[in-house]
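Novice: For reference, this is data.csv, and it has CSV, C-alpha atoms.
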chain,number,residue,atom,x,y,z
A,1,MET,CA,45.1,-6.7,134.4
A,2,ALA,CA,42.8,-9.0,136.5
A,3,MET,CA,39.1,-8.7,136.0
A,4,PRO,CA,37.2,-7.6,139.1
A,5,THR,CA,35.2,-10.4,140.8
A,6,HIS,CA,32.0,-10.3,142.7
A,7,HIS,CA,33.2,-13.1,145.1
A,8,THR,CA,34.8,-13.1,148.5
A,9,GLY,CA,36.3,-15.8,150.6
A,10,ASP,CA,38.1,-18.9,149.4
A,11,LEU,CA,37.1,-22.6,149.3
A,12,GLY,CA,40.8,-23.6,149.0
A,13,ASP,CA,43.4,-22.8,146.3
A,14,GLY,CA,41.7,-19.6,145.4
A,15,LEU,CA,38.2,-20.9,144.6
A,16,PRO,CA,35.7,-18.2,145.9
A,17,THR,CA,33.2,-19.2,148.5
A,18,GLU,CA,30.5,-16.6,148.3
A,19,PRO,CA,29.1,-13.9,146.0
A,20,HIS,CA,29.1,-10.3,147.1
A,21,HIS,CA,25.4,-10.1,146.4
A,22,HIS,CA,24.2,-11.1,149.8
A,23,ASN,CA,25.2,-14.7,149.3
A,24,VAL,CA,23.0,-15.0,146.2
A,25,PRO,CA,24.7,-16.7,143.3
A,26,VAL,CA,24.8,-14.7,140.1
A,27,ALA,CA,23.1,-16.5,137.2
A,28,GLY,CA,25.4,-17.5,134.5
A,29,CYS,CA,28.6,-17.1,136.6
A,30,TYR,CA,30.8,-20.1,136.4
A,31,ASP,CA,32.3,-19.6,139.9
A,32,CYS,CA,28.9,-19.0,141.5
A,33,GLU,CA,27.6,-22.2,139.9
A,34,MET,CA,30.6,-24.2,141.0
A,35,ILE,CA,30.3,-22.8,144.6
A,36,GLN,CA,26.7,-23.7,144.7
A,37,SER,CA,27.4,-27.2,143.4
A,38,ILE,CA,30.0,-27.9,146.0
A,39,LEU,CA,27.8,-26.6,148.8
A,40,ASP,CA,24.9,-28.7,147.5
A,41,ILE,CA,27.1,-31.8,147.6
A,42,GLU,CA,28.2,-31.0,151.1
A,43,PHE,CA,24.6,-30.5,152.2
A,44,GLU,CA,23.5,-33.8,150.6
A,45,LEU,CA,26.3,-35.7,152.3
A,46,ARG,CA,25.4,-34.2,155.7
A,47,HIS,CA,21.7,-34.9,155.0
A,48,HIS,CA,22.5,-38.6,154.4
A,49,SER,CA,24.7,-38.8,157.5
A,50,LEU,CA,21.9,-37.3,159.6
A,51,ASP,CA,19.2,-39.6,158.2
A,52,LEU,CA,21.4,-42.6,158.9
A,53,TRP,CA,22.3,-41.4,162.4
A,54,VAL,CA,18.6,-41.1,163.1
A,55,ALA,CA,18.0,-44.6,161.7
A,56,GLY,CA,20.5,-45.9,164.2
A,57,TRP,CA,23.6,-46.5,162.1
A,58,THR,CA,26.9,-46.0,163.8
A,59,PRO,CA,30.0,-44.4,162.2
A,60,ASP,CA,31.7,-47.8,162.2
A,61,GLU,CA,28.8,-49.5,160.5
A,62,LEU,CA,28.6,-46.8,157.9
A,63,LEU,CA,32.3,-47.0,157.2
A,64,GLU,CA,32.2,-50.8,156.9
A,65,HIS,CA,29.2,-50.6,154.5
A,66,VAL,CA,31.1,-48.2,152.3
A,67,ARG,CA,34.3,-50.2,152.5
A,68,THR,CA,32.5,-53.3,151.3
A,69,SER,CA,30.1,-51.8,148.7
A,70,VAL,CA,32.2,-49.1,147.0
A,71,ALA,CA,35.2,-50.0,144.8
A,72,ASP,CA,37.0,-46.7,145.2
A,73,ARG,CA,38.8,-46.7,148.6
A,74,ARG,CA,38.7,-42.9,148.7
A,75,ALA,CA,34.9,-43.2,149.3
A,76,VAL,CA,35.7,-44.5,152.9
A,77,ASP,CA,37.7,-41.3,153.6
A,78,LEU,CA,35.0,-39.1,152.0
A,79,VAL,CA,32.2,-40.7,154.2
A,80,ALA,CA,34.4,-40.4,157.3
A,81,HIS,CA,34.8,-36.7,156.5
A,82,ALA,CA,31.1,-36.3,155.9
A,83,ILE,CA,30.2,-38.0,159.2
A,84,VAL,CA,32.6,-35.7,161.1
A,85,VAL,CA,31.3,-32.6,159.4
A,86,ASP,CA,27.7,-33.6,160.1
A,87,ASP,CA,28.6,-34.4,163.7
A,88,SER,CA,30.2,-31.0,164.2
A,89,HIS,CA,26.8,-29.4,163.7
A,90,ARG,CA,25.1,-31.3,166.4
A,91,ASN,CA,24.6,-30.4,170.0
A,92,ASP,CA,26.7,-32.4,172.5
A,93,HIS,CA,23.6,-33.2,174.5
A,94,ALA,CA,22.0,-34.9,171.4
A,95,ARG,CA,24.8,-37.4,171.1
A,96,PRO,CA,25.3,-40.4,173.4
A,97,PRO,CA,28.8,-41.0,174.8
A,98,GLU,CA,29.3,-44.0,172.5
A,99,TRP,CA,28.7,-41.8,169.5
A,100,ARG,CA,31.0,-39.1,170.7
A,101,ALA,CA,33.8,-41.7,171.3
A,102,ALA,CA,33.3,-43.1,167.8
A,103,ILE,CA,33.5,-39.7,166.3
A,104,GLN,CA,36.7,-38.9,168.2
A,105,ARG,CA,38.3,-42.1,167.0
A,106,LEU,CA,37.2,-41.3,163.5
A,107,ARG,CA,38.6,-37.8,163.7
A,108,THR,CA,41.9,-39.2,164.9
A,109,VAL,CA,42.2,-42.1,162.5
A,110,ALA,CA,41.0,-40.2,159.4
A,111,GLY,CA,42.7,-37.0,160.4
A,112,VAL,CA,39.6,-34.9,159.8
A,113,ASP,CA,39.8,-31.4,161.2
A,114,ASP,CA,38.3,-29.4,158.3
A,115,VAL,CA,34.5,-29.0,158.9
A,116,GLU,CA,34.0,-25.5,157.4
A,117,PRO,CA,32.0,-24.9,154.2
A,118,GLY,CA,34.0,-25.8,151.2
A,119,TRP,CA,35.6,-28.9,152.8
A,120,TYR,CA,34.6,-31.1,149.9
A,121,ALA,CA,36.5,-28.9,147.4
A,122,ARG,CA,39.5,-29.0,149.7
A,123,TRP,CA,39.1,-32.8,150.2
A,124,ILE,CA,39.3,-33.2,146.4
A,125,ARG,CA,42.4,-31.1,146.2
A,126,ALA,CA,44.0,-33.0,149.1
A,127,ASN,CA,43.4,-36.3,147.3
A,128,SER,CA,45.8,-35.6,144.4
A,129,THR,CA,45.0,-38.9,142.8
A,130,LEU,CA,41.5,-37.5,142.1
A,131,ASP,CA,43.1,-36.0,139.0
A,132,THR,CA,39.9,-35.4,137.0
A,133,CYS,CA,36.4,-34.1,137.8
A,134,GLU,CA,35.1,-37.4,136.3
A,135,VAL,CA,37.0,-39.5,138.9
A,136,ALA,CA,35.8,-37.4,141.8
A,137,ALA,CA,32.2,-37.4,140.5
A,138,ARG,CA,32.3,-41.2,140.1
A,139,CYS,CA,33.6,-41.6,143.7
A,140,LEU,CA,30.9,-39.3,145.0
A,141,ALA,CA,28.1,-41.0,142.9
A,142,ASP,CA,29.2,-44.5,144.2
A,143,LEU,CA,29.3,-43.2,147.8
A,144,LEU,CA,25.8,-41.6,147.5
A,145,HIS,CA,24.4,-44.8,146.0
A,146,ALA,CA,25.8,-46.8,148.9
A,147,LEU,CA,24.4,-44.4,151.5
A,148,ARG,CA,21.0,-44.3,149.9
A,149,SER,CA,20.9,-48.1,150.1
A,150,LEU,CA,21.0,-47.8,153.9
A,151,GLN,CA,17.8,-45.7,154.4
A,152,ALA,CA,16.3,-48.6,156.5
A,153,PRO,CA,17.2,-49.0,160.2
A,154,ALA,CA,20.5,-50.7,161.0
A,155,PRO,CA,20.0,-54.5,160.9
A,156,GLU,CA,20.5,-55.3,164.6
A,157,ARG,CA,18.2,-52.5,165.6
A,158,ALA,CA,15.4,-53.5,163.2
A,159,ALA,CA,14.9,-56.8,164.9
A,160,GLY,CA,14.8,-55.4,168.4
Kindly present the structure from the file in C-alpha coordinates form.

Specialist:
Amino acid sequence: MAMPTHHTGDLGDGLPTEPHHHNVPVAGCYDCEMIQSILDIEFELRHHSLDLWVAGWTPDELLEHVRTSVADRRAVDLVAHAIVVDDSHRNDHARPPEWRAAIQRLRTVAGVDDVEPGWYARWIRANSTLDTCEVAARCLADLLHALRSLQAPAPERAAG
(Lines of atoms letter the chains of each structure in order from A and count residues from 1; the text may use other names and numbers.)
(Lines give C-alpha, C1' and ligand atoms only; values in the text may rest on other atoms or scores of the structure.)
Protein backbone atom coordinates (compact mmCIF):
# COMPACT_ATOMS: atom_id res chain seq x y z
CA MET A 1 0.00 0.00 0.00
CA ALA A 2 1.36 3.43 -0.97
CA MET A 3 2.13 5.86 1.79
CA PRO A 4 0.08 9.07 1.70
CA THR A 5 1.99 12.12 0.57
CA HIS A 6 1.67 15.76 1.47
CA HIS A 7 2.54 16.86 -2.07
CA THR A 8 0.52 17.88 -5.09
CA GLY A 9 1.43 18.56 -8.67
CA ASP A 10 4.21 17.05 -10.71
CA LEU A 11 7.57 18.41 -11.90
CA GLY A 12 7.79 15.62 -14.44
CA ASP A 13 7.99 11.85 -14.12
CA GLY A 14 6.06 11.92 -10.86
CA LEU A 15 8.28 14.35 -8.91
CA PRO A 16 5.92 16.41 -6.74
CA THR A 17 5.94 20.18 -7.18
CA GLU A 18 4.44 21.64 -4.06
CA PRO A 19 3.63 20.69 -0.51
CA HIS A 20 0.02 20.68 0.70
CA HIS A 21 1.00 22.93 3.59
CA HIS A 22 0.42 26.26 1.82
CA ASN A 23 3.52 25.84 -0.38
CA VAL A 24 5.78 25.63 2.68
CA PRO A 25 8.32 22.80 2.46
CA VAL A 26 8.17 20.31 5.30
CA ALA A 27 11.50 20.14 7.15
CA GLY A 28 13.21 16.80 6.76
CA CYS A 29 11.09 15.72 3.81
CA TYR A 30 13.31 14.50 0.97
CA ASP A 31 10.77 15.44 -1.73
CA CYS A 32 10.27 18.93 -0.26
CA GLU A 33 14.01 19.50 -0.15
CA MET A 34 14.42 18.29 -3.73
CA ILE A 35 11.59 20.53 -4.94
CA GLN A 36 13.08 23.52 -3.15
CA SER A 37 16.54 22.81 -4.61
CA ILE A 38 15.17 22.59 -8.15
CA LEU A 39 13.19 25.80 -7.77
CA ASP A 40 16.24 27.53 -6.25
CA ILE A 41 18.32 26.53 -9.29
CA GLU A 42 15.64 27.83 -11.65
CA PHE A 43 15.50 31.10 -9.72
CA GLU A 44 19.29 31.49 -9.81
CA LEU A 45 19.41 30.87 -13.57
CA ARG A 46 16.62 33.43 -14.13
CA HIS A 47 18.39 35.90 -11.85
CA HIS A 48 21.63 35.63 -13.86
CA SER A 49 19.74 35.95 -17.13
CA LEU A 50 18.01 39.10 -15.88
CA ASP A 51 21.25 40.65 -14.57
CA LEU A 52 22.99 40.00 -17.87
CA TRP A 53 20.01 41.35 -19.85
CA VAL A 54 20.14 44.56 -17.79
CA ALA A 55 23.93 44.75 -18.37
CA GLY A 56 23.28 44.68 -22.12
CA TRP A 57 24.19 41.14 -23.10
CA THR A 58 22.13 39.66 -25.94
CA PRO A 59 20.99 36.03 -26.10
CA ASP A 60 23.45 35.38 -28.94
CA GLU A 61 26.36 36.81 -26.92
CA LEU A 62 25.43 34.73 -23.88
CA LEU A 63 25.19 31.56 -25.93
CA GLU A 64 28.53 32.24 -27.61
CA HIS A 65 30.23 32.89 -24.27
CA VAL A 66 28.87 29.64 -22.82
CA ARG A 67 29.76 27.76 -26.03
CA THR A 68 33.39 28.90 -25.78
CA SER A 69 33.87 28.74 -22.00
CA VAL A 70 32.03 25.58 -20.86
CA ALA A 71 33.26 22.16 -21.97
CA ASP A 72 29.89 20.43 -21.62
CA ARG A 73 27.85 21.21 -24.75
CA ARG A 74 24.62 20.67 -22.84
CA ALA A 75 25.32 23.92 -20.99
CA VAL A 76 24.48 25.86 -24.19
CA ASP A 77 21.08 24.18 -24.30
CA LEU A 78 20.58 24.83 -20.59
CA VAL A 79 21.40 28.54 -20.85
CA ALA A 80 19.15 28.82 -23.92
CA HIS A 81 16.34 27.34 -21.88
CA ALA A 82 17.06 29.65 -18.93
CA ILE A 83 17.03 32.73 -21.21
CA VAL A 84 13.68 31.75 -22.72
CA VAL A 85 12.21 31.03 -19.27
CA ASP A 86 13.45 34.38 -17.96
CA ASP A 87 12.08 36.18 -21.01
CA SER A 88 8.66 34.56 -20.57
CA HIS A 89 8.29 36.50 -17.31
CA ARG A 90 8.93 39.89 -18.91
CA ASN A 91 6.43 42.41 -20.18
CA ASP A 92 6.48 42.77 -23.99
CA HIS A 93 6.87 46.54 -23.62
CA ALA A 94 10.13 46.08 -21.68
CA ARG A 95 11.79 44.22 -24.55
CA PRO A 96 13.10 45.90 -27.70
CA PRO A 97 12.11 44.34 -31.04
CA GLU A 98 15.65 43.00 -31.57
CA TRP A 99 15.47 41.12 -28.26
CA ARG A 100 12.04 39.67 -29.06
CA ALA A 101 13.33 38.50 -32.46
CA ALA A 102 16.40 36.89 -30.84
CA ILE A 103 14.22 35.08 -28.30
CA GLN A 104 11.90 33.82 -31.02
CA ARG A 105 14.91 32.47 -32.97
CA LEU A 106 16.21 30.86 -29.77
CA ARG A 107 12.84 29.25 -29.04
CA THR A 108 12.75 27.83 -32.55
CA VAL A 109 16.36 26.65 -32.77
CA ALA A 110 16.55 25.25 -29.23
CA GLY A 111 12.98 23.95 -29.29
CA VAL A 112 12.15 25.52 -25.93
CA ASP A 113 8.48 25.63 -25.01
CA ASP A 114 8.54 24.51 -21.35
CA VAL A 115 8.71 27.63 -19.15
CA GLU A 116 6.67 26.42 -16.19
CA PRO A 117 8.16 25.82 -12.72
CA GLY A 118 9.98 22.51 -12.67
CA TRP A 119 11.41 22.98 -16.18
CA TYR A 120 14.95 22.28 -14.92
CA ALA A 121 13.99 18.83 -13.61
CA ARG A 122 12.24 18.07 -16.90
CA TRP A 123 15.28 19.36 -18.84
CA ILE A 124 17.52 16.93 -16.94
CA ARG A 125 15.15 14.03 -17.70
CA ALA A 126 14.95 15.03 -21.37
CA ASN A 127 18.74 14.96 -21.61
CA SER A 128 19.07 11.23 -21.03
CA THR A 129 22.86 11.47 -21.28
CA LEU A 130 22.79 13.31 -17.95
CA ASP A 131 22.77 9.89 -16.34
CA THR A 132 23.85 10.93 -12.88
CA CYS A 133 23.16 13.82 -10.53
CA GLU A 134 26.91 14.45 -10.47
CA VAL A 135 27.04 15.04 -14.26
CA ALA A 136 24.02 17.36 -14.13
CA ALA A 137 25.47 19.24 -11.15
CA ARG A 138 28.85 19.67 -12.87
CA CYS A 139 27.15 21.01 -16.03
CA LEU A 140 25.13 23.46 -13.92
CA ALA A 141 28.15 24.55 -11.85
CA ASP A 142 30.22 25.21 -14.98
CA LEU A 143 27.36 27.17 -16.51
CA LEU A 144 26.84 29.30 -13.39
CA HIS A 145 30.58 30.02 -13.25
CA ALA A 146 30.51 31.19 -16.88
CA LEU A 147 27.47 33.41 -16.27
CA ARG A 148 28.98 34.94 -13.12
CA SER A 149 32.08 35.88 -15.11
CA LEU A 150 29.91 38.16 -17.28
CA GLN A 151 28.56 40.44 -14.57
CA ALA A 152 30.23 43.47 -16.25
CA PRO A 153 28.53 45.19 -19.22
CA ALA A 154 28.90 43.59 -22.63
CA PRO A 155 32.25 44.58 -24.24
CA GLU A 156 30.92 46.68 -27.11
CA ARG A 157 28.59 48.56 -24.77
CA ALA A 158 31.27 49.28 -22.16
CA ALA A 159 33.28 51.41 -24.57
CA GLY A 160 30.32 53.40 -25.86

Novice: With distances taken over all atoms listed in the file, which residue among A:Gly118, A:Ile41, A:Ser88, A:Trp123 lies nearest Ala141 (chain A)?

Specialist: A:Ile41

Novice: So that I can check the surroundings of His47 (chain A), please list as a PDB file with C-alpha atoms, keeping the file's coordinate frame every protein, DNA and RNA residue that reaches within 10 Å of it, counting only C-alpha atoms and ignoring chain neighbours fewer than 4 positions away.

Specialist:
ATOM      1  CA  ILE A  41      27.100 -31.800 147.600  1.00  0.00           C
ATOM      2  CA  GLU A  42      28.200 -31.000 151.100  1.00  0.00           C
ATOM      3  CA  PHE A  43      24.600 -30.500 152.200  1.00  0.00           C
ATOM      4  CA  ASP A  51      19.200 -39.600 158.200  1.00  0.00           C
ATOM      5  CA  LEU A  52      21.400 -42.600 158.900  1.00  0.00           C
ATOM      6  CA  TRP A  53      22.300 -41.400 162.400  1.00  0.00           C
ATOM      7  CA  ALA A  82      31.100 -36.300 155.900  1.00  0.00           C
ATOM      8  CA  ILE A  83      30.200 -38.000 159.200  1.00  0.00           C
ATOM      9  CA  ASP A  86      27.700 -33.600 160.100  1.00  0.00           C
TER      10      ASP A  86
END

Novice: Suppose you want the space between CA of Asp142 (chain A) and CA of Val70 (chain A); what is it in Å?

Specialist: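 Spanning CA of Asp142 (chain A) to CA of Val70 (chain A) is a straight-line distance of 6.2 Å.
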
Novice: Work out how far apart CA of Leu106 (chain A) and CA of Ala71 (chain A) are and give it in Å to one decimal.

Specialist: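 Between CA of Leu106 (chain A) and CA of Ala71 (chain A) the gap works out to 20.7 Å.
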
Novice: With distances taken over only C-alpha atoms, which of A:Val112, A:Leu39, A:Ile103, A:Val79 is nearest to Ala126 (chain A)?

Specialist: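 Closest to Ala126 (chain A), using only C-alpha atoms: A:Val112.
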
Novice: In Å, rounded to a single decimal, give me how far CA of Leu78 (chain A) is from CA of Pro117 (chain A).

Specialist: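 Value for the CA of Pro117 (chain A)-CA of Leu78 (chain A) distance: 14.7 Å.
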
Novice: Applying 10 Å and only C-alpha atoms, which residues near Gln151 (chain A) remain after dropping the ones on its own chain fewer than 3 positions away? List them as a PyMOL selection string.

Specialist: chain A and resi 48+51-52+54-55+57+146-148+154

Novice: Suppose we keep C-alpha atoms; can you now write the selection as a JSON list (two decimals), in the coordinates of the input?

Specialist:
[["chain", "number", "residue", "atom", "x", "y", "z"],
["A", 48, "HIS", "CA", 22.50, -38.60, 154.40],
["A", 51, "ASP", "CA", 19.20, -39.60, 158.20],
["A", 52, "LEU", "CA", 21.40, -42.60, 158.90],
["A", 54, "VAL", "CA", 18.60, -41.10, 163.10],
["A", 55, "ALA", "CA", 18.00, -44.60, 161.70],
["A", 57, "TRP", "CA", 23.60, -46.50, 162.10],
["A", 146, "ALA", "CA", 25.80, -46.80, 148.90],
["A", 147, "LEU", "CA", 24.40, -44.40, 151.50],
["A", 148, "ARG", "CA", 21.00, -44.30, 149.90],
["A", 154, "ALA", "CA", 20.50, -50.70, 161.00]]

Novice: Which of these residues is nearest to Arg67 (chain A), using only C-alpha atoms: A:Trp119, A:Ala80, A:Gly111, A:Ser49?

Specialist: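 Of the candidates, the smallest distance to Arg67 (chain A) is held by A:Ala80.
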